[in-house]
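Coordinates from input-v7.txt are shown below (compact mmCIF, C-alpha atoms).
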# COMPACT_ATOMS: atom_id res chain seq x y z
CA MET Q 1 -64.89 6.12 38.58
CA ALA Q 2 -61.96 3.88 39.57
CA ALA Q 3 -60.17 4.83 36.35
CA GLY Q 4 -60.79 8.50 37.08
CA ALA Q 5 -59.40 8.08 40.58
CA LEU Q 6 -56.28 6.35 39.25
CA TYR Q 7 -55.72 9.20 36.79
CA SER Q 8 -56.38 11.93 39.31
CA PHE Q 9 -54.29 10.71 42.20
CA PRO Q 10 -50.67 9.99 41.28
CA ALA Q 11 -49.38 6.63 42.47
CA VAL Q 12 -45.96 8.16 43.08
CA ASP Q 13 -45.33 11.59 44.56
CA GLN Q 14 -41.67 12.23 45.30
CA PHE Q 15 -40.83 14.59 48.14
CA ARG Q 16 -38.93 17.63 46.90
CA GLU Q 17 -36.51 19.84 48.73
CA VAL Q 18 -36.37 23.27 47.12
CA SER Q 19 -33.53 23.34 44.59
CA ILE Q 20 -30.88 25.90 45.47
CA VAL Q 21 -29.39 26.87 42.13
CA SER Q 22 -27.52 30.09 41.47
CA VAL Q 23 -26.48 31.86 38.29
CA ALA Q 24 -22.81 31.31 37.49
CA PRO Q 25 -20.74 34.45 36.76
CA ASN Q 26 -20.00 33.40 33.16
CA GLY Q 27 -23.50 32.13 32.41
CA GLY Q 28 -25.17 28.88 33.21
CA ASN Q 29 -26.17 27.72 36.67
CA SER Q 30 -24.26 26.34 39.59
CA GLU Q 31 -25.37 24.14 42.44
CA SER Q 32 -23.49 22.96 45.49
CA PHE Q 33 -23.77 19.56 47.15
CA HIS Q 34 -21.85 18.09 50.02
CA ILE Q 35 -21.32 14.79 51.81
CA ASN Q 36 -20.52 14.63 55.50
CA ILE Q 37 -17.91 12.03 56.33
CA PRO Q 38 -18.38 9.62 58.01
CA VAL Q 39 -22.13 9.97 58.69
CA ASP Q 40 -23.26 9.98 55.05
CA ARG Q 41 -21.29 6.89 54.04
CA VAL Q 42 -23.58 4.07 52.94
CA MET Q 43 -20.88 1.80 51.55
CA VAL Q 44 -17.09 1.79 51.32
CA GLY Q 45 -15.59 -1.14 49.46
CA ALA Q 46 -11.96 -1.66 48.58
CA THR Q 47 -9.66 -4.65 48.38
CA GLY Q 48 -7.53 -5.11 51.46
CA LYS Q 49 -9.31 -2.39 53.41
CA ASP Q 50 -10.14 -3.38 56.96
CA SER Q 51 -12.62 -0.58 57.52
CA SER Q 52 -15.25 -1.54 54.97
CA VAL Q 53 -18.69 -0.04 55.44
CA PRO Q 54 -21.20 -1.42 56.30
CA LEU Q 55 -20.24 -4.10 58.77
CA GLY Q 56 -20.52 -7.45 57.00
CA LEU Q 57 -19.75 -6.15 53.51
CA ALA Q 58 -18.16 -8.99 51.55
CA TRP Q 59 -16.08 -7.06 49.03
CA PRO Q 60 -14.94 -9.33 46.17
CA THR Q 61 -11.38 -10.60 46.40
CA ASP Q 62 -10.96 -11.28 42.68
CA ASP Q 63 -7.68 -9.98 41.24
CA ILE Q 64 -9.45 -7.65 38.84
CA PHE Q 65 -10.71 -5.56 41.78
CA GLU Q 66 -7.22 -5.04 43.17
CA ASN Q 67 -7.07 -1.33 42.32
CA VAL Q 68 -10.77 -0.55 42.58
CA SER Q 69 -12.61 1.17 45.38
CA THR Q 70 -16.21 2.28 45.51
CA GLU Q 71 -18.06 4.48 47.93
CA VAL Q 72 -21.80 5.16 48.11
CA PHE Q 73 -23.03 8.22 49.98
CA LYS Q 74 -26.07 10.25 50.84
CA VAL Q 75 -25.84 13.69 49.23
CA ARG Q 76 -26.92 16.94 50.89
CA ASN Q 77 -27.80 20.36 49.55
CA VAL Q 78 -26.32 23.59 50.91
CA ARG Q 79 -28.90 23.64 53.69
CA GLY Q 80 -27.72 20.22 54.85
CA ALA Q 81 -30.83 18.29 53.82
CA VAL Q 82 -30.32 14.87 52.24
CA ILE Q 83 -31.54 15.10 48.64
CA GLY Q 84 -29.99 12.13 46.87
CA ILE Q 85 -27.50 9.31 46.56
CA ALA Q 86 -24.03 9.41 45.02
CA ALA Q 87 -21.45 6.79 44.17
CA ARG Q 88 -17.78 7.38 43.58
CA THR Q 89 -15.59 4.74 41.99
CA VAL Q 90 -11.82 5.09 41.82
CA ALA Q 91 -9.59 2.74 39.87
CA LYS Q 92 -6.13 2.62 38.39
CA GLU Q 93 -5.73 1.40 34.83
CA GLY Q 94 -1.99 1.25 34.26
CA THR Q 95 -0.87 4.84 34.63
CA VAL Q 96 -4.38 6.26 34.26
CA ASP Q 97 -6.45 7.20 37.29
CA ILE Q 98 -10.18 6.75 36.84
CA ALA Q 99 -12.56 8.55 39.17
CA ASP Q 100 -16.24 8.57 38.26
CA TRP Q 101 -19.24 9.95 40.10
CA ILE Q 102 -22.91 9.30 39.68
CA ILE Q 103 -25.24 11.63 41.55
CA HIS Q 104 -28.89 10.62 41.70
CA LEU Q 105 -31.51 13.11 42.87
CA PRO Q 106 -34.80 11.14 42.82
CA ALA Q 107 -37.25 13.89 41.89
CA ARG Q 108 -34.88 15.54 39.44
CA GLY Q 109 -32.59 13.11 37.62
CA SER Q 110 -29.01 11.90 37.62
CA LEU Q 111 -25.54 13.12 36.69
CA PHE Q 112 -22.58 11.11 35.43
CA VAL Q 113 -19.26 12.83 35.98
CA ASN Q 114 -15.87 11.67 34.80
CA MET Q 115 -13.19 13.34 36.92
CA GLY Q 116 -9.95 14.64 35.46
CA SER Q 117 -6.44 14.02 36.71
CA LYS Q 118 -5.48 14.59 40.33
CA PRO Q 119 -4.94 18.29 41.04
CA LYS Q 120 -2.21 19.97 43.04
CA VAL Q 121 -2.73 19.91 46.78
CA GLY Q 122 -5.36 22.42 47.84
CA ARG Q 123 -7.00 22.67 44.41
CA PRO Q 124 -10.35 21.07 43.58
CA ARG Q 125 -10.46 18.10 41.24
CA ILE Q 126 -12.48 18.97 38.14
CA GLY Q 127 -14.63 16.54 36.23
CA GLN Q 128 -16.70 16.77 33.11
CA LEU Q 129 -20.43 16.14 33.13
CA ARG Q 130 -20.64 13.26 30.65
CA ALA Q 131 -24.35 12.57 30.81
CA GLY Q 132 -27.49 13.51 32.67
CA SER Q 133 -31.03 12.28 32.88
CA GLN Q 134 -34.44 13.96 33.24
CA GLU Q 135 -33.80 17.55 34.40
CA PHE Q 136 -30.10 17.23 33.57
CA ASP Q 137 -30.62 15.59 30.19
CA ASP Q 138 -29.68 18.52 27.95
CA LEU Q 139 -26.99 20.01 30.15
CA GLN Q 140 -23.25 20.17 29.81
CA GLY Q 141 -20.81 21.37 32.40
CA PHE Q 142 -18.40 20.29 35.04
CA VAL Q 143 -18.20 19.37 38.70
CA ALA Q 144 -15.46 20.45 41.10
CA GLU Q 145 -14.73 18.05 43.94
CA SER Q 146 -12.86 19.12 47.05
CA TRP Q 147 -12.21 17.70 50.48
CA VAL Q 148 -12.66 19.91 53.53
CA SER Q 149 -11.10 18.29 56.56
CA ASP Q 150 -12.54 18.57 60.06
CA THR Q 151 -9.80 18.19 62.62
CA SER Q 152 -11.97 18.86 65.65
CA GLY Q 153 -12.94 15.22 66.19
CA GLU Q 154 -11.10 12.36 67.81
CA GLU Q 155 -7.76 11.22 66.38
CA GLY Q 156 -7.68 8.37 63.89
CA VAL Q 157 -11.20 9.00 62.61
CA GLN Q 158 -11.40 10.70 59.23
CA ARG Q 159 -13.93 13.52 59.44
CA GLY Q 160 -14.82 16.24 57.05
CA ARG Q 161 -16.91 16.84 54.01
CA ILE Q 162 -16.69 16.26 50.30
CA GLU Q 163 -17.90 19.33 48.47
CA LEU Q 164 -19.22 19.08 44.94
CA LEU Q 165 -19.81 22.27 42.99
CA ALA Q 166 -21.70 21.57 39.78
CA THR Q 167 -21.88 24.11 36.97
CA TYR Q 168 -24.36 23.43 34.20
CA VAL Q 169 -24.95 25.04 30.84
CA SER Q 170 -27.83 24.08 28.60
CA THR Q 171 -26.78 22.49 25.32
CA SER Q 172 -29.55 24.42 23.60
CA GLU Q 173 -27.63 27.64 24.11
CA HIS Q 174 -25.37 28.55 21.24
CA ARG Q 175 -22.47 29.59 23.45
CA VAL Q 176 -22.11 26.17 24.99
CA ALA Q 177 -18.75 25.26 23.53
CA SER Q 178 -16.91 28.20 25.00
CA GLN Q 179 -18.72 28.04 28.33
CA THR Q 180 -18.09 24.40 29.13
CA GLU Q 181 -14.33 24.37 28.80
CA LEU Q 182 -12.83 22.96 31.94
CA PRO Q 183 -11.37 25.65 34.20
CA GLU Q 184 -7.62 25.68 34.72
CA MET Y 1 -80.64 4.07 52.95
CA LYS Y 2 -81.27 1.20 50.52
CA TYR Y 3 -80.07 3.35 47.59
CA VAL Y 4 -76.89 4.36 49.40
CA VAL Y 5 -76.01 0.72 50.04
CA VAL Y 6 -76.73 -0.16 46.40
CA LEU Y 7 -74.56 2.76 45.25
CA ILE Y 8 -71.63 1.71 47.46
CA VAL Y 9 -71.90 -1.93 46.42
CA GLY Y 10 -72.09 -0.81 42.78
CA ILE Y 11 -68.98 1.36 43.09
CA LEU Y 12 -67.03 -1.40 44.82
CA THR Y 13 -68.11 -3.99 42.24
CA GLY Y 14 -67.19 -1.62 39.41
CA ALA Y 15 -63.80 -0.90 40.93
CA ALA Y 16 -63.13 -4.62 41.41
CA LEU Y 17 -64.14 -5.44 37.83
CA PHE Y 18 -62.00 -2.57 36.58
CA ALA Y 19 -58.98 -3.81 38.56
CA VAL Y 20 -59.46 -7.38 37.30
CA GLY Y 21 -59.83 -6.14 33.72
CA LEU Y 22 -56.72 -4.02 34.07
CA ALA Y 23 -54.62 -6.88 35.41
CA TYR Y 24 -55.91 -9.67 33.21
CA ASN Y 25 -56.83 -7.97 29.96
CA PRO Y 26 -56.43 -10.79 27.40
CA PHE Y 27 -55.92 -8.33 24.56
CA VAL Y 28 -52.70 -6.94 26.02
CA GLY Y 29 -49.71 -9.21 25.50
CA LYS Y 30 -46.23 -9.10 27.00
CA ALA Y 31 -43.46 -7.54 24.96
CA ALA Y 32 -41.16 -10.56 24.81
CA LEU Y 33 -38.53 -9.57 22.28
CA SER Y 34 -35.67 -7.32 23.27
CA PRO Y 35 -35.08 -4.45 20.81
CA LEU Y 36 -31.42 -5.52 20.82
CA ALA Y 37 -32.22 -9.15 20.00
CA VAL Y 38 -32.06 -8.38 16.29
CA THR Y 39 -29.03 -6.11 16.36
CA GLU Y 40 -26.14 -6.86 14.05
CA SER Y 41 -23.73 -4.92 16.24
CA GLN Y 42 -21.61 -6.53 18.89
CA THR Y 43 -23.10 -6.55 22.38
CA VAL Y 44 -21.70 -6.68 25.90
CA THR Y 45 -23.76 -8.93 28.17
CA LEU Y 46 -23.43 -8.60 31.92
CA GLY Y 47 -25.31 -10.75 34.38
CA TYR Y 48 -25.96 -10.27 38.09
CA SER Y 49 -27.99 -11.83 40.85
CA ALA Y 50 -31.26 -9.98 41.41
CA VAL Y 51 -31.51 -11.33 44.96
CA ALA Y 52 -30.63 -8.62 47.48
CA SER Y 53 -28.70 -10.93 49.81
CA GLU Y 54 -26.52 -12.09 46.90
CA SER Y 55 -25.43 -8.56 46.02
CA LEU Y 56 -22.57 -6.66 47.66
CA MET Y 57 -25.08 -4.31 49.23
CA PHE Y 58 -28.71 -3.37 48.84
CA THR Y 59 -30.48 -0.63 50.73
CA ASN Y 60 -33.84 1.12 50.76
CA ASP Y 61 -36.04 2.86 53.33
CA GLY Y 62 -35.92 -0.20 55.58
CA GLU Y 63 -39.68 -0.61 55.53
CA SER Y 64 -40.03 -2.11 52.06
CA ARG Y 65 -40.61 -5.76 51.27
CA ILE Y 66 -36.96 -6.45 50.50
CA PRO Y 67 -34.80 -6.05 53.62
CA PRO Y 68 -31.52 -4.10 53.26
CA TYR Y 69 -28.32 -6.14 53.01
CA PRO Y 70 -25.98 -6.39 54.91
CA GLU Y 71 -28.21 -5.93 57.91
CA LYS Y 72 -26.21 -3.04 59.36
CA ILE Y 73 -26.24 -0.90 56.23
CA GLN Y 74 -27.51 2.66 56.44
CA GLN Y 75 -31.13 2.96 55.31
CA LEU Y 76 -32.49 5.61 52.98
CA TRP Y 77 -35.12 6.96 55.34
CA GLU Y 78 -34.98 10.68 54.53
CA ASP Y 79 -38.09 11.92 52.66
CA PRO Y 80 -36.41 12.82 49.32
CA ILE Y 81 -34.76 9.36 49.04
CA ARG Y 82 -37.46 7.27 50.72
CA GLN Y 83 -38.68 5.81 47.43
CA THR Y 84 -35.16 5.01 46.23
CA ASP Y 85 -33.17 1.76 46.26
CA ALA Y 86 -29.40 1.46 45.87
CA MET Y 87 -27.50 -1.70 45.01
CA ALA Y 88 -23.88 -2.63 44.34
CA THR Y 89 -23.19 -5.94 42.72
CA VAL Y 90 -20.60 -8.02 40.94
CA LEU Y 91 -21.23 -8.32 37.20
CA ARG Y 92 -20.45 -11.47 35.24
CA ASP Y 93 -19.82 -11.83 31.54
CA GLY Y 94 -21.47 -14.29 29.15
CA ARG Y 95 -19.10 -17.06 30.33
CA ASN Y 96 -20.11 -16.43 33.96
CA GLN Y 97 -16.67 -14.98 34.76
CA VAL Y 98 -16.40 -11.98 37.07
CA ALA Y 99 -16.22 -8.98 34.74
CA GLY Y 100 -16.74 -5.92 36.90
CA LEU Y 101 -18.76 -3.93 39.30
CA GLY Y 102 -22.20 -2.39 38.92
CA ILE Y 103 -23.99 0.19 41.04
CA LYS Y 104 -27.68 0.73 40.45
CA VAL Y 105 -29.79 3.50 41.95
CA ALA Y 106 -33.51 3.39 41.23
CA SER Y 107 -36.41 5.63 42.22
CA ALA Y 108 -40.16 5.31 41.76
CA ALA Y 109 -41.15 7.48 38.80
CA GLU Y 110 -43.82 10.13 39.08
CA SER Y 111 -44.89 9.24 35.53
CA THR Y 112 -46.28 5.95 36.91
CA ARG Y 113 -49.86 5.47 35.65
CA LEU Y 114 -51.33 2.18 36.78
CA VAL Y 115 -54.39 2.70 34.62
CA GLU Y 116 -52.07 2.73 31.60
CA ARG Y 117 -50.18 -0.35 32.86
CA LYS Y 118 -47.14 1.74 33.71
CA ALA Y 119 -45.45 0.93 37.02
CA LEU Y 120 -42.37 2.97 36.29
CA ILE Y 121 -38.94 3.28 37.86
CA ASN Y 122 -36.24 5.76 36.86
CA SER Y 123 -32.87 4.13 37.33
CA VAL Y 124 -29.21 4.57 36.55
CA TRP Y 125 -26.36 2.09 36.49
CA TYR Y 126 -22.71 2.85 36.86
CA VAL Y 127 -20.66 -0.01 35.44
CA TYR Y 128 -16.91 -0.40 35.77
CA LEU Y 129 -15.20 -3.28 33.99
CA PRO Y 130 -11.52 -3.45 35.05
CA GLY Y 131 -9.26 -3.45 32.02
CA ARG Y 132 -12.05 -2.19 29.75
CA GLY Y 133 -13.48 1.00 31.24
CA SER Y 134 -16.66 2.48 32.62
CA PHE Y 135 -20.07 3.52 31.37
CA PHE Y 136 -23.35 4.97 32.61
CA VAL Y 137 -26.80 3.59 31.87
CA GLU Y 138 -29.91 5.74 32.16
CA GLN Y 139 -33.27 4.07 31.81
CA THR Y 140 -36.95 4.00 32.62
CA GLU Y 141 -38.20 0.58 33.67
CA ASN Y 142 -41.76 -0.72 33.65
CA TYR Y 143 -42.59 -3.35 36.27
CA TRP Y 144 -46.26 -3.79 35.30
CA ASP Y 145 -45.80 -7.27 33.80
CA TYR Y 146 -43.62 -8.25 36.75
CA LEU Y 147 -46.29 -7.14 39.23
CA ARG Y 148 -49.09 -8.83 37.30
CA ASP Y 149 -47.31 -12.11 36.57
CA ILE Y 150 -45.30 -12.60 39.76
CA VAL Y 151 -46.27 -10.32 42.63
CA LEU Y 152 -50.07 -10.62 42.35
CA PRO Y 153 -50.01 -14.44 42.09
CA ALA Y 154 -47.64 -14.58 45.09
CA TYR Y 155 -50.11 -12.55 47.15
CA ARG Y 156 -52.96 -14.83 46.04
CA SER Y 157 -50.98 -17.94 46.93
CA SER Y 158 -51.70 -19.35 50.38
CA ALA Y 159 -47.96 -19.86 50.90
CA GLY Y 160 -47.21 -16.27 49.85
CA THR Y 161 -44.79 -17.59 47.24
CA TRP Y 162 -44.65 -17.56 43.44
CA LYS Y 163 -42.61 -20.21 41.63
CA GLY Y 164 -42.11 -20.57 37.92
CA ILE Y 165 -39.99 -19.11 35.16
CA TRP Y 166 -40.58 -15.49 34.25
CA THR Y 167 -38.31 -13.68 31.86
CA GLY Y 168 -38.91 -10.17 30.64
CA ASN Y 169 -37.33 -6.89 29.63
CA VAL Y 170 -37.93 -4.15 32.14
CA THR Y 171 -36.36 -1.31 30.15
CA VAL Y 172 -38.91 0.81 28.29
CA GLY Y 173 -37.00 4.02 27.65
CA PRO Y 174 -35.90 6.70 27.17
CA GLY Y 175 -34.95 5.38 23.70
CA ALA Y 176 -37.73 5.33 21.12
CA LEU Y 177 -37.42 1.55 20.74
CA GLY Y 178 -37.64 0.98 24.48
CA THR Y 179 -33.91 1.04 25.07
CA ALA Y 180 -31.75 2.60 27.74
CA ARG Y 181 -29.27 5.38 26.97
CA VAL Y 182 -25.69 4.31 27.63
CA VAL Y 183 -22.81 6.78 27.78
CA GLY Y 184 -19.18 5.72 27.96
CA GLY Y 185 -16.93 7.20 30.62
CA SER Y 186 -13.46 5.75 30.27
CA GLY Y 187 -11.31 3.12 28.59
CA GLU Y 188 -12.69 1.51 25.45
CA PHE Y 189 -16.12 3.04 26.15
CA ASP Y 190 -14.78 6.60 26.37
CA GLY Y 191 -16.93 8.94 24.31
CA LEU Y 192 -19.32 6.26 23.07
CA GLU Y 193 -23.10 6.67 22.95
CA MET Y 194 -24.73 3.25 23.12
CA LEU Y 195 -28.05 1.52 23.70
CA GLY Y 196 -28.91 -0.96 26.41
CA VAL Y 197 -31.65 -3.19 27.76
CA GLU Y 198 -32.06 -4.68 31.22
CA SER Y 199 -33.95 -7.92 31.64
CA LEU Y 200 -34.93 -10.07 34.59
CA SER Y 201 -35.37 -13.80 34.98
CA VAL Y 202 -37.28 -14.78 38.12
CA ARG Y 203 -37.82 -18.30 39.45
CA THR Y 204 -39.02 -17.78 43.02
CA TRP Y 205 -40.61 -14.72 44.63
CA ARG Y 206 -41.92 -14.42 48.18
CA VAL Y 207 -44.25 -11.85 49.69
CA ALA Y 208 -41.93 -11.77 52.69
CA GLY Y 209 -38.61 -10.79 51.16
CA GLY Y 210 -39.17 -10.36 47.41
CA PRO Y 211 -37.05 -12.27 44.87
CA LEU Y 212 -35.55 -15.49 46.24
CA ALA Y 213 -34.17 -16.87 42.98
CA ALA Y 214 -33.71 -14.29 40.26
CA ASP Y 215 -31.09 -13.02 37.86
CA GLY Y 216 -30.71 -9.80 35.97
CA GLN Y 217 -28.94 -9.04 32.75
CA LEU Y 218 -27.67 -5.85 31.14
CA THR Y 219 -27.20 -5.99 27.39
CA ILE Y 220 -25.24 -3.13 25.86
CA GLU Y 221 -25.06 -2.64 22.11
CA LEU Y 222 -21.71 -1.28 21.00
CA PRO Y 223 -21.68 1.20 18.11
CA ALA Y 224 -21.07 -0.41 14.72
CA ASP Y 225 -17.59 1.09 14.24
CA GLN Y 226 -16.57 -0.07 17.74
CA SER Y 227 -17.76 -3.59 16.91
CA ASP Y 228 -15.69 -3.55 13.74
CA ASN Y 229 -12.58 -2.82 15.78
CA GLU Y 230 -12.99 -5.90 17.98
As structure tokens, the full file:
Amino acid sequence: MAAGALYSFPAVDQFREVSIVSVAPNGGNSESFHINIPVDRVMVGATGKDSSVPLGLAWPTDDIFENVSTEVFKVRNVRGAVIGIAARTVAKEGTVDIADWIIHLPARGSLFVNMGSKPKVGRPRIGQLRAGSQEFDDLQGFVAESWVSDTSGEEGVQRGRIELLATYVSTSEHRVASQTELPE
Amino acid sequence: MKYVVVLIVGILTGAALFAVGLAYNPFVGKAALSPLAVTESQTVTLGYSAVASESLMFTNDGESRIPPYPEKIQQLWEDPIRQTDAMATVLRDGRNQVAGLGIKVASAAESTRLVERKALINSVWYVYLPGRGSFFVEQTENYWDYLRDIVLPAYRSSAGTWKGIWTGNVTVGPGALGTARVVGGSGEFDGLEMLGVESLSVRTWRVAGGPLAADGQLTIELPADQSDNE
């Protein structure tokens, strides 16, 4: 009876917000996430930065972290509900800029995105979906990152939102190669 | 009335015997050997402290056994992320030198089946090693042995503390051999598909606060042709 009860009642039942996924014009699906700054910041770590988050964060002072900064955020869906956690790490390796995202949506899976070079002002930065887990396991695609500034707040406080538009195409579709080319 | 009492006592006794049998089944051993222990390829070994207060940051819903660190960090209290932990930590190489930064996000897995000895966690690591590059680790972890060997004895202890030496692999998938999937992002790892295993070594664990002396280790197996280049 105890065994039956353990089988019947799941030990873990993740809460799910309804996924808001739309069909992309050229095939595949697209999904929009955003992060409200500063309220969704969980951690901001960077060498020499006075405004680390949270208070008391002891960011390492080793030389190898000189050009590295990492932020951890809560991620929201288009309705503004928190649905996951994301981390963004930016580093400079010589002349190469590295900017990587991981986006973790507990009931669904995770995305690993490797951003491309910095775009012109006003254009989104595009990154390639390098890997995914669970629901995102067999998907390819890209993520466009853009910053929308909010100037209505008090001066000296950075406010706004980071918008992430993910476009996925299943790798099981035969047209994948042409559909997952990064947009100009 | 007598039969109802007998029935209830019988059910409770059966459930207790079942729980004891599940936890202390002598015919089920611990998987001690890492699937990467016998690899001939070169590996990258990265160690970290598995004690929350020794990490850069650790956060959860704020009501779990392990308190968030630093104290003022935002907690993950919203329903969809309530069963999720996030950690950022410094990673050290095999010579105990600072090698990079690791961010781990882990959520309780709905595929958990205690009756099958599966206390599962779905987790991902993002690892950045300055001068070398970045990679992503995706894994399923099983904490059944950890719960049985450390957590249960700590609860049974009058001091609420477990002390000893426990070492075990927590990675059980998604790879067929119980390995994590590792995907390179930049630098020397760019474009590589690799395997990985995470293991824990615990020396002290307290009911109030979780691990007090514990280390973790990520072992990443580089592809054969990459090893040849080094």
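Take the candidates Y:Glu141, Y:Asp215, Y:Glu116, Y:Asp79 and check each one against chain Q using only C-alpha atoms; the shortest distance goes to Y:Asp79.
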If we count all atoms listed in the file and set the cut-off at 12 Å, which residues sit around Pro25 of chain Q, ignoring sequence neighbours fewer than 4 positions away in its own chain? Please answer as a short mmCIF file (atom, residue, chain, number, x, y, z; two decimals) with C-alpha atoms, in the frame of the given file.
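So selection-v1.cif came out as:
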data_model
loop_
_atom_site.label_atom_id
_atom_site.label_comp_id
_atom_site.auth_asym_id
_atom_site.auth_seq_id
_atom_site.Cartn_x
_atom_site.Cartn_y
_atom_site.Cartn_z
CA ASN Q 29 -26.17 27.72 36.67
CA SER Q 30 -24.26 26.34 39.59
CA THR Q 167 -21.88 24.11 36.97
CA TYR Q 168 -24.36 23.43 34.20
CA VAL Q 169 -24.95 25.04 30.84
CA GLN Q 179 -18.72 28.04 28.33
#
Thr151 of chain Q environment, 9 Å, only C-alpha atoms, sequence neighbours closer than 5 positions dropped, as a list in words: Gln158, Arg159 and Gly160 of chain Q
Interface, chain Y side, toward chain Q (7 Å; only C-alpha atoms) as number ranges by chain: Y: 15, 56, 70, 72-74, 78-81, 107-110, 112-115, 130-131, 136, 138, 183, 185
File of the preceding selection, C-alpha atoms, as a compact mmCIF listing (two decimals), in the coordinates of the input:
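Listed below is the output, selection_15.txt:
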# COMPACT_ATOMS: atom_id res chain seq x y z
CA ALA Y 15 -63.80 -0.90 40.93
CA LEU Y 56 -22.57 -6.66 47.66
CA PRO Y 70 -25.98 -6.39 54.91
CA LYS Y 72 -26.21 -3.04 59.36
CA ILE Y 73 -26.24 -0.90 56.23
CA GLN Y 74 -27.51 2.66 56.44
CA GLU Y 78 -34.98 10.68 54.53
CA ASP Y 79 -38.09 11.92 52.66
CA PRO Y 80 -36.41 12.82 49.32
CA ILE Y 81 -34.76 9.36 49.04
CA SER Y 107 -36.41 5.63 42.22
CA ALA Y 108 -40.16 5.31 41.76
CA ALA Y 109 -41.15 7.48 38.80
CA GLU Y 110 -43.82 10.13 39.08
CA THR Y 112 -46.28 5.95 36.91
CA ARG Y 113 -49.86 5.47 35.65
CA LEU Y 114 -51.33 2.18 36.78
CA VAL Y 115 -54.39 2.70 34.62
CA PRO Y 130 -11.52 -3.45 35.05
CA GLY Y 131 -9.26 -3.45 32.02
CA PHE Y 136 -23.35 4.97 32.61
CA GLU Y 138 -29.91 5.74 32.16
CA VAL Y 183 -22.81 6.78 27.78
CA GLY Y 185 -16.93 7.20 30.62
Nearest residue to Phe135 of chain Y from the set Y:Leu212, Y:Ala52, Y:Ile220, Y:Val170 (distances using only C-alpha atoms):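 Closest to Phe135 of chain Y, using only C-alpha atoms: Y:Ile220.
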Pairwise distance for atom CA of Ser149 of chain Q and atom CA of Phe58 of chain Y, rounded to one decimal in Å: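 These atoms are spaced 29.0 Å apart.
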Nearest to Ser49 of chain Y, chosen from Y:Arg181, Y:Arg148, Y:Arg65, Y:Arg92, with all atoms listed in the file counted in the distances: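 Between Y:Arg181, Y:Arg148, Y:Arg65, Y:Arg92, the residue approaching Ser49 of chain Y most closely is Y:Arg92.
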Point-to-point distance in Å for atom CA of Ala106 of chain Y and atom CA of Asp85 of chain Y: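 Result for atom CA of Asp85 of chain Y versus atom CA of Ala106 of chain Y: 5.3 Å, one decimal.
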Shortest interatomic distance to Glu193 of chain Y - which of Y:Gly175, Y:Lys2, Y:Val98, Y:Leu33, counting all atoms listed in the file: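 Of the candidates, the smallest distance to Glu193 of chain Y is held by Y:Gly175.
Note that the spacing between atom CA of Asn122 of chain Y and atom CA of Ile162 of chain Q amounts to 25.9 Å.
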For Asp225 of chain Y: contacts at 12 Å, all atoms listed in the file, fewer than 6 positions along chain excluded, given as an MDAnalysis selection string: chainID Y and resid 40:42 192:194
Could you save the residues just selected, with C-alpha atoms, as a short mmCIF file (atom, residue, chain, number, x, y, z; two decimals), in the frame of the given file?
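Output file again.cif follows:
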data_model
loop_
_atom_site.label_atom_id
_atom_site.label_comp_id
_atom_site.auth_asym_id
_atom_site.auth_seq_id
_atom_site.Cartn_x
_atom_site.Cartn_y
_atom_site.Cartn_z
CA GLU Y 40 -26.14 -6.86 14.05
CA SER Y 41 -23.73 -4.92 16.24
CA GLN Y 42 -21.61 -6.53 18.89
CA LEU Y 192 -19.32 6.26 23.07
CA GLU Y 193 -23.10 6.67 22.95
CA MET Y 194 -24.73 3.25 23.12
#
Y:Gly47, Y:Gly102, Y:Gly160, Y:Pro153 ranked by distance to Val207 of chain Y, top pick (using all atoms listed in the file):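 Ranked by minimum distance to Val207 of chain Y, first place goes to Y:Gly160.
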Report, as AutoDock Vina command-line options, the axis-aligned box around all atoms of segment 160-178 of chain Y present in the file, extended by 5 Å on each side; give centre and edge lengths in Å to one decimal place.
--center_x -41.1 --center_y -6.9 --center_z 35.3 --size_x 22.3 --size_y 37.3 --size_z 39.1
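You can rank Y:Ser64, Y:Ser123, Y:Ser134, Y:Gln217 by their closest distance to Gly100 of chain Y using all atoms listed in the file, and at the top of that list sits Y:Ser134.
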Because the input lacks atoms here, generate N, CA and C atoms for segment 130-136 of chain Y and report them as a compact mmCIF listing (two decimals), in the frame of the given file.
# COMPACT_ATOMS: atom_id res chain seq x y z
N PRO Y 130 -12.98 -3.62 34.99
CA PRO Y 130 -11.52 -3.45 35.05
C PRO Y 130 -10.85 -3.93 33.76
N GLY Y 131 -9.96 -3.11 33.25
CA GLY Y 131 -9.26 -3.45 32.02
C GLY Y 131 -10.02 -2.99 30.77
N ARG Y 132 -11.27 -2.63 30.91
CA ARG Y 132 -12.05 -2.19 29.75
C ARG Y 132 -12.53 -0.75 29.88
N GLY Y 133 -13.02 -0.37 31.07
CA GLY Y 133 -13.48 1.00 31.24
C GLY Y 133 -14.83 1.07 31.92
N SER Y 134 -15.41 2.28 31.89
CA SER Y 134 -16.66 2.48 32.62
C SER Y 134 -17.72 3.08 31.71
N PHE Y 135 -18.97 2.86 32.07
CA PHE Y 135 -20.07 3.52 31.37
C PHE Y 135 -21.25 3.71 32.30
N PHE Y 136 -22.18 4.53 31.84
CA PHE Y 136 -23.35 4.97 32.61
C PHE Y 136 -24.60 4.58 31.82
